[in-house]
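K.L.:
Submitted below is the structure of interest, expressed as structure tokens.
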Amino acid sequence: MARALRQHVDEEILDRAAALFAQHGFEQTSLKALADAVGLSKAGLLHHYPSKEALHAAALEFSAVRSRQVLDRVAALPLGPARDRRVLELLTDTALDRPGLVALLFRPVTTPEAHSAEHDALLSELFAIDPSDEERLIRVTGALSALAVLSLAANYRGEKTSWRPRIVDTCFDALGHAGSAG
């Protein structure tokens with residue numbers, strides 16, 4: 001029981017820290033701002049993570065683990081609309097549960113200095129993006145942008161459950177699958 005509680009607390013800390021890192025970047029995010037965001041003193045936060053660097057690394061790793069979990073769950077599905085829908089469902093669930101992580105995951109799309117080859121590779125694997133297929137890349141970017149904005153709005157409004165299917169449908173449509181059975 002205590003282990004599950006500790007894991008939940010760590011995930012909450014990582015999610016809130018990820019949101020700040022996504023919004024302000026690593027350099028502009030202070031330890032005090034991180035502690036305030038998670039409701040701890042600086043000493044209390046440092047009890048969980050020994051430094052801002054360690055917290056940032058843990059948030060990035062947590063986001064990578066969540067991404068790999070999505071990839072693992074869809075790896076056996078054939079490419080196409082059904083797989084795209086399942087990826088969107090899983091990413092939407094993560095976004096609604098951990099909005100900070102999603103903000104951190106999408107930072108490379110909107111912030112040139114945060115761009116990474118690893119991020120591109122993950123998106124290519126999740127959505128089967130051929131580097132020469134510019135339309136698919138634009139559609140995936142649009143779908144993920146919609147997912148990020150809509151999931152944040154749903155969290156803000158307290159409408160996670162009622163908005164979930166609409167978020168998935170909107171993102172699915174953005175991929176060019178409007179009217180496909182899902």
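Each chain in the structure tokens gets a letter, A, B, ..., in the order shown, and its residues are numbered from 1; ligands are numbered from 1 in order too.
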Determine which residues of region 37-85 of chain A receive a DSSP assignment of alpha helix (DSSP H), computed from the backbone, and state them as a ChimeraX atom specification.
P.N.:
/A:37-38,42-48,52-74,81-85
K.L.:
Can you list, as an mmCIF file with all heavy atoms, in the first residue's frame, every protein, DNA or RNA residue that comes within 8 Å of Arg139 (chain A) when you count only C-alpha atoms, leaving out same-chain residues fewer than 5 positions away?
P.N.:
```cif
data_model
loop_
_atom_site.group_PDB
_atom_site.id
_atom_site.type_symbol
_atom_site.label_atom_id
_atom_site.label_comp_id
_atom_site.auth_asym_id
_atom_site.auth_seq_id
_atom_site.Cartn_x
_atom_site.Cartn_y
_atom_site.Cartn_z
ATOM 1 N N ALA A 174 -8.595 14.602 -37.919
ATOM 2 C CA ALA A 174 -7.417 15.365 -38.352
ATOM 3 C C ALA A 174 -6.424 14.474 -39.104
ATOM 4 O O ALA A 174 -5.718 14.944 -39.993
ATOM 5 C CB ALA A 174 -6.736 16.019 -37.154
ATOM 6 N N LEU A 175 -6.416 13.188 -38.774
ATOM 7 C CA LEU A 175 -5.534 12.260 -39.495
ATOM 8 C C LEU A 175 -6.062 11.902 -40.872
ATOM 9 O O LEU A 175 -5.397 11.212 -41.642
ATOM 10 C CB LEU A 175 -5.321 10.982 -38.669
ATOM 11 C CG LEU A 175 -4.478 11.126 -37.411
ATOM 12 C CD1 LEU A 175 -4.418 9.796 -36.650
ATOM 13 C CD2 LEU A 175 -3.087 11.636 -37.734
ATOM 14 N N GLY A 176 -7.266 12.371 -41.187
ATOM 15 C CA GLY A 176 -7.838 12.102 -42.504
ATOM 16 C C GLY A 176 -8.761 10.896 -42.524
ATOM 17 O O GLY A 176 -9.084 10.383 -43.592
#
```
K.L.:
Which polymer residues have any atom within 10 Å of an atom of Lys160 (chain A), counting only C-alpha atoms, with same-chain residues fewer than 3 positions away left out, as a ChimeraX atom specification?
P.N.:
/A:92-93,95-97,150-157,163-165,167
K.L.:
Write the residues you've just listed into a file as a PDB file, in the first residue's frame, and include C-alpha atoms for each of them.
P.N.:
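This is the output file result_36.pdb:
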```
ATOM      1  CA  THR A  92      -5.775  10.817 -24.925  1.00  0.00           C
ATOM      2  CA  ASP A  93      -6.064   8.727 -21.765  1.00  0.00           C
ATOM      3  CA  ALA A  95      -3.158  13.330 -21.642  1.00  0.00           C
ATOM      4  CA  LEU A  96      -6.283  13.438 -19.524  1.00  0.00           C
ATOM      5  CA  ASP A  97      -4.550  11.648 -16.651  1.00  0.00           C
ATOM      6  CA  LEU A 150      -8.340  19.700 -26.052  1.00  0.00           C
ATOM      7  CA  SER A 151      -7.047  17.507 -23.227  1.00  0.00           C
ATOM      8  CA  LEU A 152      -5.758  20.568 -21.367  1.00  0.00           C
ATOM      9  CA  ALA A 153      -9.128  22.286 -21.867  1.00  0.00           C
ATOM     10  CA  ALA A 154     -10.981  19.175 -20.684  1.00  0.00           C
ATOM     11  CA  ASN A 155      -8.819  19.046 -17.564  1.00  0.00           C
ATOM     12  CA  TYR A 156      -9.346  22.744 -16.910  1.00  0.00           C
ATOM     13  CA  ARG A 157     -13.129  22.438 -17.309  1.00  0.00           C
ATOM     14  CA  TRP A 163     -14.806  15.132 -23.732  1.00  0.00           C
ATOM     15  CA  ARG A 164     -12.691  11.983 -24.190  1.00  0.00           C
ATOM     16  CA  PRO A 165     -14.626  10.463 -27.139  1.00  0.00           C
ATOM     17  CA  ILE A 167     -11.152  14.437 -28.460  1.00  0.00           C
TER      18      ILE A 167
END
```
K.L.:
If we count only C-alpha atoms, what is near His56 (chain A) at a cut-off of 8 Å, once residues fewer than 6 positions away on the same chain are taken out, given as an NGL selection string?
P.N.:
:A and (17-18 or 21 or 26)
K.L.:
Grab the CA of Leu90 (chain A) to CA of His24 (chain A) distance for me, in Å with one decimal place.
P.N.:
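Spanning CA of Leu90 (chain A) to CA of His24 (chain A) is a straight-line distance of 26.4 Å.
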K.L.:
Which residues are close to region 127-136 of chain A, i.e. within 9 Å by only C-alpha atoms, leaving aside same-chain residues fewer than 4 positions away? Reply as a PyMOL selection string.
P.N.:
chain A and resi 79-80+83-84+87+122-123+140-141+175-176
K.L.:
Please, could you write that set of residues out with C-alpha atoms as a PDB file, in the first residue's frame?
P.N.:
```
ATOM      1  CA  LEU A  79      -0.938  -0.031 -39.802  1.00  0.00           C
ATOM      2  CA  GLY A  80      -4.099   1.845 -40.702  1.00  0.00           C
ATOM      3  CA  ARG A  83      -4.196   1.422 -35.145  1.00  0.00           C
ATOM      4  CA  ASP A  84      -4.332   5.218 -35.467  1.00  0.00           C
ATOM      5  CA  VAL A  87      -2.889   5.230 -30.508  1.00  0.00           C
ATOM      6  CA  LEU A 122       8.722   7.901 -31.565  1.00  0.00           C
ATOM      7  CA  LEU A 123       6.123   9.745 -33.650  1.00  0.00           C
ATOM      8  CA  VAL A 140      -0.159  13.830 -37.265  1.00  0.00           C
ATOM      9  CA  THR A 141       1.154  17.173 -36.014  1.00  0.00           C
ATOM     10  CA  LEU A 175      -5.534  12.260 -39.495  1.00  0.00           C
ATOM     11  CA  GLY A 176      -7.838  12.102 -42.504  1.00  0.00           C
TER      12      GLY A 176
END
```
K.L.:
Which is closer to Thr94 (chain A) than all the others in A:Thr111, A:Ser124, A:Gln28, A:Ser63, using only C-alpha atoms?
P.N.:
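Checking each of A:Thr111, A:Ser124, A:Gln28, A:Ser63 against Thr94 (chain A), counting only C-alpha atoms, the winner is A:Ser63.
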K.L.:
From the set A:Ala19, A:Leu126, A:Asp120, A:Ala33, which residue has the shortest atom-to-atom contact distance to Val70 (chain A), counting only C-alpha atoms?
P.N.:
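Of A:Ala19, A:Leu126, A:Asp120, A:Ala33, the one nearest Val70 (chain A), counting only C-alpha atoms, is A:Leu126.
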K.L.:
Which region 58-176 of chain A residues have any atom within 12 Å of an atom of region 8-13 of chain A, and for each, what is the nearest pair of atoms with distance in Å to one decimal, counting only C-alpha atoms, rows sorted by chain and number, as CSV?
P.N.:
```
residue,atom,partner,partner_atom,distance
A:Ala58,CA,A:Asp10,CA,9.6
A:Ala59,CA,A:Ile13,CA,8.7
A:Leu60,CA,A:Glu11,CA,11.9
A:Glu61,CA,A:Glu11,CA,11.5
A:Phe62,CA,A:Glu11,CA,8.2
A:Ser63,CA,A:Glu11,CA,10.3
A:Val65,CA,A:Glu11,CA,11.9
A:Arg66,CA,A:Glu11,CA,11.2
A:Asp97,CA,A:Glu12,CA,10.0
A:Arg98,CA,A:Glu12,CA,8.1
A:Pro99,CA,A:Glu12,CA,10.4
A:Gly100,CA,A:Glu12,CA,9.2
A:Leu101,CA,A:Glu11,CA,9.7
```
K.L.:
Between A:His48, A:Leu88, A:Thr29, A:Gly142, single out the one closest to Arg166 (chain A), counting only C-alpha atoms.
P.N.:
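Closest residue, counting only C-alpha atoms: A:Leu88.
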K.L.:
Excluding Leu31 (chain A) and residues on its chain fewer than 4 positions from it, collect all residues at most 10 Å away from it, counting only C-alpha atoms, and give them as a PyMOL selection string.
P.N.:
chain A and resi 17+35-37+41-43+45-46+51-53+55
K.L.:
Please, what distance in Å, to one decimal, runs between CA of Arg107 (chain A) and CA of Ala22 (chain A)?
P.N.:
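Computed distance, CA of Arg107 (chain A) to CA of Ala22 (chain A), equals 5.9 Å.
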